[in-house]
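Chemist: Just dropping this structure here.
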Amino acid sequence: MGYVGLCTAATLASRGIRTIGIDIDQARVEQIRKGKAPLHEPHLDTMLKNGVKKKLLDATSEISVVAGTDTTFLTVGTPSQQDGSIDLSYIKNATEDLGNVLREKRGYHLVVVKSTVVPGTTNGTVRRFLEQSSRKTVGEELGLCANPEFLKEGTAINDALHPDKIVIGSNDKKSAHELTRLYRRFYGSKLPPLILTTPEAAELVKYASNAFLATKVSFINTIANIAEQIPGVDVGTIAEAIGLDPRIGSLFLKAGPGYGGSCFHKDLQALINYSQNRNYDPVLFRATEETNEQQAVRVVGIAEKLLGSLSSKRIAVLGLAFKKDTDDIREAASIRVINQLKKKGARVVAYDPMAIPNTKKTLSDQIDYAENAYSALKGADCAIIVTEWDQIRKLKSEDFRTYMKTPNIVDARRILDPQQYTQMNYIAIGTGPSRA
Ligand code: UGA
């Protein structure tokens, strides 16, 4: 019942499909049973509440309930190991527990791997653990599919209700048929394009998708860094123009402080590691990651350009979450920027509308925390905008002038209107110097 499991369960129940969420964390289970989301995601709370009220959704830590169901979605996490490779321990444990229950079950059962796993995992580790513990064979009494998700934090419910595709990887017709049937019931006449393929291909689709998106971000950040060197050039214009070419597309071309979140870095590392173990070095993806890592250094470099040495300077970091409308700081650019600032001897005060509790768990008292943007700006030598929150976008040039010691602004998300800041030391990422 992590992010993917919760959203999957809530949306299944919302379409009248009886669903039980299983998690080893008892406190989480209790919370879900009360119809409360244990994490922040728009609409999830309401959906859980409705599902529980209509008795279409329940949660338990008793995996034995699986015996009374038809289909199991595996949605456990697949974190990174030290070397970047995928950690399959949760997959192994969950599959083994599942198989033990299925041993006693009569009739067909479909197991669907929704977790992001490297190619070969469904047909390898999952199949092996499942067959061993259930003492059944995949294909006859057991169905097995790989069926990745493409949910984005913040719009996950909408993404689950209106996906641009469904990818089903299976070895046999029956399991693919059963899962397609479930999705037909879910989507009715609005079934999204269906890609039926092998489990390995389905698994790779997920990595290819995230690798492409991450590379698109690193690409535009590279162009931004070049644009910064050219008088009269702004990366926004470049993105707008190239985005009109349908082969390129306009989305995911926002230059910024680098991508964050629980997936891009983790999945790229897993894909790189997977390829290298097969004697192929995916240079492109290493560059995507390296560019992303360096982007935080560049952001701090802009602050240095404005201030000179950052030693003992008070820097306000505006925004900590990896993107707006979430409290998630996993792999967030803010952390890389803050680490750089600390390395340079700066004193950091941070503001975020939602992510301060999570940041405190990681950075504790290494930095100061402000209750609002204004108190973060108070007495600051420089403000760095790291997340594109509406609360930060709404700040006025007077706010910076009134509260800051010296109004130096690094707009790493390009959310302020440059016209309002012509009288200040304002630099947006990807904007070249104005022509004298
Ligand atoms: C991403 C993918 O978009 C989903 O399709 C995928 O299912 C998910 O990972 C996953 O594998 O679970 P998410 O991590 O929620 O979703 O975040 P995105 O909205 O994709 O943003 C990722 C990062 O890229 C953010 O830090 C965002 O600020 C940054 N970004 C995105 C840019 O800097 N510029 C852009 O133009 C777009």
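By order in the structure tokens, chains are A, B, ...; within a chain, residues start at 1; ligands start at 1, following the order shown.
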Residues within 7 Å of ligand 1, counting only C-alpha atoms and all ligand atoms: report them as number ranges by chain.
Modeler: A: 149-154, 210, 213-214, 217, 251-264, 322-323, 332
Chemist: Where in segment 234-263 of chain A does DSSP assign alpha helix (DSSP H), given as a count of residues only?
Modeler: 9
Chemist: Residues near Val111 of chain A, anyone? I mean within 8 Å using only C-alpha atoms, not counting same-chain ones fewer than 2 positions away, as number ranges by chain.
Modeler: A: 71-74, 109, 113, 142-145
Chemist: Kindly save the residues from that selection, with all heavy atoms included, as a PDB file, in the first residue's frame.
Modeler:
ATOM      1  N   THR A  71      -7.359 -11.792  -8.466  1.00  0.00           N
ATOM      2  CA  THR A  71      -6.179 -11.155  -9.049  1.00  0.00           C
ATOM      3  C   THR A  71      -5.371 -10.459  -7.964  1.00  0.00           C
ATOM      4  O   THR A  71      -5.948  -9.834  -7.076  1.00  0.00           O
ATOM      5  CB  THR A  71      -6.615 -10.091 -10.091  1.00  0.00           C
ATOM      6  OG1 THR A  71      -7.474 -10.720 -11.026  1.00  0.00           O
ATOM      7  CG2 THR A  71      -5.433  -9.480 -10.807  1.00  0.00           C
ATOM      8  N   THR A  72      -4.048 -10.547  -8.035  1.00  0.00           N
ATOM      9  CA  THR A  72      -3.196  -9.821  -7.094  1.00  0.00           C
ATOM     10  C   THR A  72      -2.253  -8.912  -7.872  1.00  0.00           C
ATOM     11  O   THR A  72      -1.555  -9.371  -8.787  1.00  0.00           O
ATOM     12  CB  THR A  72      -2.331 -10.797  -6.263  1.00  0.00           C
ATOM     13  OG1 THR A  72      -3.206 -11.711  -5.597  1.00  0.00           O
ATOM     14  CG2 THR A  72      -1.517 -10.049  -5.225  1.00  0.00           C
ATOM     15  N   PHE A  73      -2.254  -7.641  -7.513  1.00  0.00           N
ATOM     16  CA  PHE A  73      -1.283  -6.703  -8.078  1.00  0.00           C
ATOM     17  C   PHE A  73      -0.126  -6.572  -7.103  1.00  0.00           C
ATOM     18  O   PHE A  73      -0.333  -6.212  -5.948  1.00  0.00           O
ATOM     19  CB  PHE A  73      -1.916  -5.321  -8.286  1.00  0.00           C
ATOM     20  CG  PHE A  73      -2.877  -5.263  -9.434  1.00  0.00           C
ATOM     21  CD1 PHE A  73      -4.237  -5.484  -9.237  1.00  0.00           C
ATOM     22  CD2 PHE A  73      -2.433  -4.992 -10.715  1.00  0.00           C
ATOM     23  CE1 PHE A  73      -5.126  -5.436 -10.295  1.00  0.00           C
ATOM     24  CE2 PHE A  73      -3.316  -4.933 -11.778  1.00  0.00           C
ATOM     25  CZ  PHE A  73      -4.670  -5.160 -11.577  1.00  0.00           C
ATOM     26  N   LEU A  74       1.081  -6.858  -7.574  1.00  0.00           N
ATOM     27  CA  LEU A  74       2.274  -6.665  -6.739  1.00  0.00           C
ATOM     28  C   LEU A  74       2.726  -5.218  -6.923  1.00  0.00           C
ATOM     29  O   LEU A  74       3.096  -4.818  -8.035  1.00  0.00           O
ATOM     30  CB  LEU A  74       3.395  -7.585  -7.197  1.00  0.00           C
ATOM     31  CG  LEU A  74       3.499  -8.973  -6.580  1.00  0.00           C
ATOM     32  CD1 LEU A  74       4.632  -9.736  -7.250  1.00  0.00           C
ATOM     33  CD2 LEU A  74       3.736  -8.906  -5.086  1.00  0.00           C
ATOM     34  N   HIS A 109      -5.584 -18.148 -10.435  1.00  0.00           N
ATOM     35  CA  HIS A 109      -5.256 -16.866  -9.797  1.00  0.00           C
ATOM     36  C   HIS A 109      -4.267 -16.111 -10.687  1.00  0.00           C
ATOM     37  O   HIS A 109      -3.289 -16.679 -11.164  1.00  0.00           O
ATOM     38  CB  HIS A 109      -4.647 -17.078  -8.406  1.00  0.00           C
ATOM     39  CG  HIS A 109      -4.612 -15.807  -7.600  1.00  0.00           C
ATOM     40  ND1 HIS A 109      -5.643 -15.433  -6.774  1.00  0.00           N
ATOM     41  CD2 HIS A 109      -3.688 -14.821  -7.539  1.00  0.00           C
ATOM     42  CE1 HIS A 109      -5.351 -14.258  -6.215  1.00  0.00           C
ATOM     43  NE2 HIS A 109      -4.166 -13.866  -6.661  1.00  0.00           N
ATOM     44  N   VAL A 113       2.543  -8.025 -11.923  1.00  0.00           N
ATOM     45  CA  VAL A 113       3.682  -7.271 -11.382  1.00  0.00           C
ATOM     46  C   VAL A 113       3.568  -5.819 -11.855  1.00  0.00           C
ATOM     47  O   VAL A 113       3.784  -5.520 -13.030  1.00  0.00           O
ATOM     48  CB  VAL A 113       5.029  -7.883 -11.832  1.00  0.00           C
ATOM     49  CG1 VAL A 113       6.205  -7.095 -11.245  1.00  0.00           C
ATOM     50  CG2 VAL A 113       5.117  -9.349 -11.430  1.00  0.00           C
ATOM     51  N   LEU A 142      -1.896 -20.769 -12.469  1.00  0.00           N
ATOM     52  CA  LEU A 142      -1.405 -19.433 -12.122  1.00  0.00           C
ATOM     53  C   LEU A 142      -1.188 -18.582 -13.356  1.00  0.00           C
ATOM     54  O   LEU A 142      -0.567 -19.034 -14.318  1.00  0.00           O
ATOM     55  CB  LEU A 142      -0.039 -19.576 -11.446  1.00  0.00           C
ATOM     56  CG  LEU A 142       0.068 -19.658  -9.943  1.00  0.00           C
ATOM     57  CD1 LEU A 142       1.548 -19.737  -9.562  1.00  0.00           C
ATOM     58  CD2 LEU A 142      -0.580 -18.467  -9.276  1.00  0.00           C
ATOM     59  N   GLY A 143      -1.692 -17.380 -13.326  1.00  0.00           N
ATOM     60  CA  GLY A 143      -1.408 -16.446 -14.410  1.00  0.00           C
ATOM     61  C   GLY A 143      -0.360 -15.457 -13.931  1.00  0.00           C
ATOM     62  O   GLY A 143      -0.302 -15.137 -12.738  1.00  0.00           O
ATOM     63  N   LEU A 144       0.487 -14.987 -14.846  1.00  0.00           N
ATOM     64  CA  LEU A 144       1.521 -14.028 -14.449  1.00  0.00           C
ATOM     65  C   LEU A 144       1.713 -12.988 -15.555  1.00  0.00           C
ATOM     66  O   LEU A 144       1.971 -13.340 -16.706  1.00  0.00           O
ATOM     67  CB  LEU A 144       2.832 -14.777 -14.181  1.00  0.00           C
ATOM     68  CG  LEU A 144       4.024 -13.939 -13.699  1.00  0.00           C
ATOM     69  CD1 LEU A 144       3.708 -13.232 -12.377  1.00  0.00           C
ATOM     70  CD2 LEU A 144       5.265 -14.828 -13.534  1.00  0.00           C
ATOM     71  N   CYS A 145       1.566 -11.724 -15.186  1.00  0.00           N
ATOM     72  CA  CYS A 145       1.742 -10.635 -16.163  1.00  0.00           C
ATOM     73  C   CYS A 145       2.646  -9.555 -15.589  1.00  0.00           C
ATOM     74  O   CYS A 145       2.673  -9.336 -14.381  1.00  0.00           O
ATOM     75  CB  CYS A 145       0.413  -9.947 -16.464  1.00  0.00           C
ATOM     76  SG  CYS A 145      -0.741 -10.926 -17.390  1.00  0.00           S
TER      77      CYS A 145
END
Chemist: Go through A:Leu161, A:Ala296, A:Thr431, A:Ala316 and flag the residue nearest Pro231 of chain A, using only C-alpha atoms for the distances.
Modeler: A:Thr431
Chemist: Could you produce a table of the residues of segment 98-158 of chain A lying within 12 Å of segment 78-84 of chain A, with the nearest pair of atoms per residue and their separation in Å rounded to one decimal, using only C-alpha atoms, ordered by chain and increasing residue number, as a Markdown table?
Modeler:
| residue | atom | partner | partner_atom | distance |
| --- | --- | --- | --- | --- |
| A:Val113 | CA | A:Thr78 | CA | 11.5 |
| A:Lys114 | CA | A:Thr78 | CA | 10.7 |
| A:Ser115 | CA | A:Thr78 | CA | 6.9 |
| A:Thr116 | CA | A:Thr78 | CA | 6.6 |
| A:Val117 | CA | A:Thr78 | CA | 7.0 |
| A:Val118 | CA | A:Thr78 | CA | 9.7 |
| A:Thr121 | CA | A:Thr78 | CA | 11.3 |
Chemist: Keeping N, CA, C and O atoms, export the residues of the selection given above as a PDB file, in the first residue's frame.
Modeler:
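File produced: part-v7.pdb:
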ATOM      1  N   VAL A 113       2.543  -8.025 -11.923  1.00  0.00           N
ATOM      2  CA  VAL A 113       3.682  -7.271 -11.382  1.00  0.00           C
ATOM      3  C   VAL A 113       3.568  -5.819 -11.855  1.00  0.00           C
ATOM      4  O   VAL A 113       3.784  -5.520 -13.030  1.00  0.00           O
ATOM      5  N   LYS A 114       3.189  -4.954 -10.942  1.00  0.00           N
ATOM      6  CA  LYS A 114       3.074  -3.527 -11.264  1.00  0.00           C
ATOM      7  C   LYS A 114       4.324  -2.760 -10.838  1.00  0.00           C
ATOM      8  O   LYS A 114       4.621  -1.695 -11.378  1.00  0.00           O
ATOM      9  N   SER A 115       5.027  -3.296  -9.871  1.00  0.00           N
ATOM     10  CA  SER A 115       6.270  -2.649  -9.426  1.00  0.00           C
ATOM     11  C   SER A 115       7.214  -2.504 -10.617  1.00  0.00           C
ATOM     12  O   SER A 115       7.190  -3.326 -11.539  1.00  0.00           O
ATOM     13  N   THR A 116       8.058  -1.468 -10.559  1.00  0.00           N
ATOM     14  CA  THR A 116       9.052  -1.289 -11.627  1.00  0.00           C
ATOM     15  C   THR A 116      10.186  -2.286 -11.411  1.00  0.00           C
ATOM     16  O   THR A 116      10.883  -2.234 -10.384  1.00  0.00           O
ATOM     17  N   VAL A 117      10.353  -3.200 -12.352  1.00  0.00           N
ATOM     18  CA  VAL A 117      11.402  -4.231 -12.209  1.00  0.00           C
ATOM     19  C   VAL A 117      12.181  -4.361 -13.519  1.00  0.00           C
ATOM     20  O   VAL A 117      11.616  -4.191 -14.601  1.00  0.00           O
ATOM     21  N   VAL A 118      13.473  -4.652 -13.399  1.00  0.00           N
ATOM     22  CA  VAL A 118      14.309  -4.747 -14.612  1.00  0.00           C
ATOM     23  C   VAL A 118      13.883  -5.961 -15.457  1.00  0.00           C
ATOM     24  O   VAL A 118      13.347  -6.939 -14.922  1.00  0.00           O
ATOM     25  N   THR A 121      12.711  -9.906 -14.624  1.00  0.00           N
ATOM     26  CA  THR A 121      12.365 -10.147 -13.222  1.00  0.00           C
ATOM     27  C   THR A 121      11.052 -10.931 -13.086  1.00  0.00           C
ATOM     28  O   THR A 121      10.948 -11.858 -12.287  1.00  0.00           O
TER      29      THR A 121
END
Chemist: From the list A:Lys394, A:Lys173, A:Lys361, A:Arg181, which residue is nearest Tyr374 of chain A when using only C-alpha atoms?
Modeler: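 That would be A:Lys394, the residue with the smallest distance to Tyr374 of chain A.
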Chemist: What parts of segment 13-163 of chain A does DSSP call strand (DSSP E)? I'd like the answer as a list in words.
Modeler: Thr19, Ile20, Gly21, Ile22, Leu57, Asp58, Ala59, Thr60, Thr71, Thr72, Phe73, Leu74, His109, Leu110, Val111, Val112, Val113, Leu142, Gly143, Leu144, Cys145 and Ala146 of chain A
Chemist: What does the structure give for the distance between atom CA of Val386 of chain A and atom CA of Gly319 of chain A, in Å to one decimal?
Modeler: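 Computing it gives 5.2 Å between the two atoms.
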Chemist: Hey, can you check how far atom CA of Ile367 of chain A sits from atom CA of Val348 of chain A?
Modeler: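 It comes out at 5.2 Å.
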Chemist: Neighbouring residues of segment 54-67 of chain A were defined as those with any atom within 10 Å, considering only C-alpha atoms; residues of the same chain fewer than 6 positions away were excluded. Please report them as a PyMOL selection string.
Modeler: chain A and resi 1+9-35+47-48+94+97-107+109
Chemist: What's around Ala346 of chain A at 6 Å? Count only C-alpha atoms, leave out sequence neighbours fewer than 5 positions away in its own chain, and write the answer as a list in words.
Modeler: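 The residues satisfying every condition are Leu310, Ser311, Ser312, Lys313 and Leu341 of chain A.
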Chemist: Just write the chosen residues, N, CA, C and O atoms, as a compact mmCIF listing (two decimals), in the first residue's frame.
Modeler:
# COMPACT_ATOMS: atom_id res chain seq x y z
N LEU A 310 30.22 32.71 -1.01
CA LEU A 310 28.97 32.46 -0.28
C LEU A 310 29.23 32.23 1.21
O LEU A 310 28.29 32.07 1.99
N SER A 311 30.49 32.24 1.57
CA SER A 311 30.85 31.95 2.95
C SER A 311 30.13 32.90 3.91
O SER A 311 30.19 34.12 3.75
N SER A 312 29.43 32.32 4.88
CA SER A 312 28.67 33.05 5.92
C SER A 312 27.49 33.86 5.37
O SER A 312 26.86 34.60 6.10
N LYS A 313 27.21 33.72 4.09
CA LYS A 313 26.06 34.44 3.53
C LYS A 313 24.78 33.70 3.89
O LYS A 313 24.76 32.47 4.01
N LEU A 341 25.50 24.52 -1.15
CA LEU A 341 25.56 25.78 -0.40
C LEU A 341 26.32 25.59 0.91
O LEU A 341 27.14 26.42 1.31
Chemist: Just the residues within 12 Å of Gly236 of chain A, please, counting only C-alpha atoms, with nothing from its chain fewer than 4 positions along; format it as an mmCIF file with C-alpha atoms, in the first residue's frame.
Modeler:
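Result saved to out.cif:
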data_model
loop_
_atom_site.group_PDB
_atom_site.id
_atom_site.type_symbol
_atom_site.label_atom_id
_atom_site.label_comp_id
_atom_site.auth_asym_id
_atom_site.auth_seq_id
_atom_site.Cartn_x
_atom_site.Cartn_y
_atom_site.Cartn_z
ATOM 1 C CA ILE A 220 16.709 21.233 -22.014
ATOM 2 C CA ASN A 221 18.879 21.997 -18.997
ATOM 3 C CA ILE A 223 20.405 24.038 -23.756
ATOM 4 C CA ALA A 224 19.585 26.376 -20.839
ATOM 5 C CA ALA A 227 21.632 29.891 -23.623
ATOM 6 C CA GLU A 228 22.923 31.563 -20.466
ATOM 7 C CA GLY A 232 19.504 38.147 -25.763
ATOM 8 C CA GLU A 240 8.643 26.874 -27.285
ATOM 9 C CA ALA A 241 10.016 26.769 -30.826
ATOM 10 C CA ILE A 242 11.400 23.238 -30.808
ATOM 11 C CA GLY A 243 8.328 21.979 -28.915
ATOM 12 C CA SER A 250 6.308 20.694 -25.990
ATOM 13 C CA PHE A 252 9.005 18.141 -20.363
ATOM 14 C CA LEU A 253 11.015 21.009 -21.793
ATOM 15 C CA LYS A 254 11.046 23.202 -18.709
ATOM 16 C CA ALA A 255 14.572 24.071 -17.713
ATOM 17 C CA GLY A 256 15.198 23.976 -13.985
ATOM 18 C CA ARG A 413 12.413 27.458 -11.942
ATOM 19 C CA ARG A 414 11.908 30.501 -14.114
ATOM 20 C CA ILE A 415 8.594 31.325 -12.447
ATOM 21 C CA ALA A 428 16.749 33.102 -14.221
ATOM 22 C CA ILE A 429 18.278 29.834 -15.281
ATOM 23 C CA GLY A 430 18.620 29.632 -19.063
ATOM 24 C CA THR A 431 18.555 33.368 -19.688
ATOM 25 C CA GLY A 432 21.535 35.041 -21.308
#
Chemist: Which residue gives the smallest distance to Gln295 of chain A among A:Arg314, A:Arg278, A:Arg330, A:Arg336, with only C-alpha atoms counted?
Modeler: A:Arg336
Chemist: Taking only C-alpha atoms into account, which of A:Ser85, A:Thr125, A:Ser309, A:Thr46 comes nearest Leu268 of chain A?
Modeler: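 Of A:Ser85, A:Thr125, A:Ser309, A:Thr46, the one nearest Leu268 of chain A is A:Ser85, counting only C-alpha atoms.
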Chemist: Nearest to Leu320 of chain A: which of A:Pro193, A:Gly345, A:Pro357, A:Gly379 is it, counting only C-alpha atoms?
Modeler: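 Smallest separation from Leu320 of chain A among the options: A:Pro357.
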Chemist: Please identify all polymer residues within 10 Å of Asn358 of chain A, counting only C-alpha atoms, omitting same-chain residues fewer than 4 positions from it, and present them as a list in words.
Modeler: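 Everything that qualifies: Leu320, Ala321, Asp327, Asp328, Ile329, Arg330, Met354, Thr362, Leu363 and Ser364 of chain A.
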Chemist: Based on the selection just made, write C-alpha atoms of those residues as a PDB file, in the first residue's frame.
Modeler:
ATOM      1  CA  LEU A 320      12.161  21.894  -1.060  1.00  0.00           C
ATOM      2  CA  ALA A 321       9.740  19.417  -2.677  1.00  0.00           C
ATOM      3  CA  ASP A 327       5.628  16.895   0.342  1.00  0.00           C
ATOM      4  CA  ASP A 328       8.063  14.477  -1.305  1.00  0.00           C
ATOM      5  CA  ILE A 329      11.750  15.433  -1.179  1.00  0.00           C
ATOM      6  CA  ARG A 330      13.188  12.165  -2.449  1.00  0.00           C
ATOM      7  CA  MET A 354       4.469  21.157   2.596  1.00  0.00           C
ATOM      8  CA  THR A 362      16.886  14.255   6.437  1.00  0.00           C
ATOM      9  CA  LEU A 363      18.671  17.509   7.200  1.00  0.00           C
ATOM     10  CA  SER A 364      17.514  18.085  10.812  1.00  0.00           C
TER      11      SER A 364
END
